[in-house]
Every structure is written in C-alpha cells, then in structure tokens.
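Novice: Okay, handing you the structure first.
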Amino acid sequence: MLTTDQAWARCVRRRPRLRRIVARYGLPEHTDDVVHDVFVAVMSMPRLYPEGFDALLDTAVWRRCKTIATIEATQYRLGFEAVLDPGDTADHSDSVHDRVDARRLLQDSGALTEPYIWVLAMMSLGLHRREISQKTGTPISEVDRAIRGIRRRVREKTSDRLPQKYP
C-alpha cells in the first residue's frame with residue numbers, strides 16, 4: 001500500500017501525462033481543473049496500491065473528461081436548438097390553453113382525422129404554427145385551418161361540461 005507522500009509524488013510525476021490526456025480529449029481549457037479534481041478524488045480513497053495507481057489516475061481523468069464533454073455538448077445543443085422566442089401568438093395564455101386543450105383532446109381523439117391528430121400532437125408538444133408548417137411541409141394557412149377545426153371541436157366537447165349561464 002502507498003503512503004500519502006508516495007501517492008502524492010506519483011501524482012506529481014504523472015501530472016504532465018494527465019494534462020496531455022485532457023488536451024487530447026479536446027478540453028484544453030479544463031486541463032488543470034480536471035487533473036486537480038482527479039488528484040483530490042484519488043487521494044481521498046482509503047487505500048492506494050502501487051500496482052494500479054497509474055491506471056487509476058488515467059481512468060479517473062478519462063471519466064472526468066467524458067462527463068465535462070457531455071455537459072458541454074448538452075449546453076451547446078440547448079443553446080442552439082432550444083426555441084427561445086415566444087412564438088406567433090399575441091397572448092401567451094392562448095398558446096398555454098392550446099397546449100392544454102391539445103393534450104386533453106389528443107387523449108380522446110376518436111372523432112378527429114389523421115391530419116388533425118398530427119397537428120394536435122405537435123401543439124401538445126408546444127410547437128408553434130410556423131414550426132408545425134415546416135415539419136409537415138404544409139402551408140401555414142392549412143395549419144391555421146386545422147387549428148381552427150381543433151379549437152371548434154374543443155369548444156364542442158367542453159360546452160356540454162360548462163354550467164349554463166342562464167337557465
């Protein structure tokens with residue numbers, strides 16, 4: 001078993017190789033942070049053996065690099081693929097109601113034709129009319145017509161559940 005001083009000496013001796021591993025992984029700006037984190041993690045282990053110590057350091061660095069690369073790829077994808085604009089509706093509550101109504105109507109969609117079901121499914125995911133038009137390859141006017149038809153059916157389905165204002 002390695003003493004603490006022996007383990008630290010091996011860490012310091014191995015440091016240039018570990019830094020090259022991080023740089024080769026494509027994370028040169030994280031080099032010192034990754035190597036330091038691995039040193040702290042390895043040195044906090046209860047027993048360290050000389051036979052597998054170098055392999056332990058290499059493996060810990062590769063795993064840390066993989067974690068950082070995954071996080072950065074996710075952040076990149078979210079930054080460029082996320083829909084951040086509020087959409088085409090003038091009132092945000094309209095789009096919220098559309099999504100809620102779409103989910104509810106989608107569960108009970110026996111009376112709808114297939115194009116309406118596709119538009120309804122995309123609305124329930126929060127897609128806007130322009131996005132639906134692009135994904136389906138249909139003009140926005142057709143998507144608007146489908147949305148109006150869906151809204152009409154929602155009103156028909158929910159009107160019998162609402163209390164009558166006047167007896």
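Each chain in the structure tokens gets a letter, A, B and so on, in the order shown; residues start at 1 in every chain, and ligands are counted from 1 in the order they appear.
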Excluding A:Leu57 and any residue of its chain fewer than 4 positions from it, enumerate the residues within 9 Å of it, using only C-alpha atoms, and give them as an mmCIF file with C-alpha atoms, in the first residue's frame.
Specialist:
data_model
loop_
_atom_site.group_PDB
_atom_site.id
_atom_site.type_symbol
_atom_site.label_atom_id
_atom_site.label_comp_id
_atom_site.auth_asym_id
_atom_site.auth_seq_id
_atom_site.Cartn_x
_atom_site.Cartn_y
_atom_site.Cartn_z
ATOM 1 C CA CYS A 11 0.535 12.130 -8.828
ATOM 2 C CA ARG A 14 2.131 11.655 -13.640
ATOM 3 C CA LEU A 18 -2.649 13.506 -17.385
ATOM 4 C CA VAL A 35 -6.163 16.980 -13.123
ATOM 5 C CA VAL A 38 -8.735 13.725 -10.046
ATOM 6 C CA PHE A 39 -5.864 14.163 -7.604
ATOM 7 C CA VAL A 42 -7.907 9.692 -5.762
ATOM 8 C CA GLY A 52 -2.884 0.009 -10.312
ATOM 9 C CA PHE A 53 -2.234 3.579 -9.245
ATOM 10 C CA VAL A 61 -9.131 11.573 -15.909
ATOM 11 C CA TRP A 62 -10.874 9.933 -18.896
#
Novice: Excluding A:Arg130 and residues on its chain fewer than 4 positions from it, collect all residues at most 12 Å away from it, counting only C-alpha atoms, and give them as a PyMOL selection string.
Specialist: chain A and resi 87-89+119+122-123+126+134-144
Novice: For atom CA of A:His30 and atom CA of A:Ala73, determine how far apart the two atoms are, in Å to one decimal place.
Specialist: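 According to the coordinates, atom CA of A:His30 and atom CA of A:Ala73 are separated by 14.6 Å.
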Novice: Counting only C-alpha atoms, which of A:Thr31, A:Met45, A:Glu72, A:Pro50 gets nearest to A:Pro16?
Specialist: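 Result for the nearest residue to A:Pro16: A:Thr31.
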Novice: Please measure the separation of atom CA of A:Leu48 and atom CA of A:Thr4, giving the value in Å to one decimal.
Specialist: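 Interatomic distance here is 8.7 Å.
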Novice: Suppose you want the space between atom CA of A:Val34 and atom CA of A:Ala60; what is it in Å?
Specialist: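 Atom CA of A:Ala60 lies at a distance of 9.3 Å from atom CA of A:Val34.
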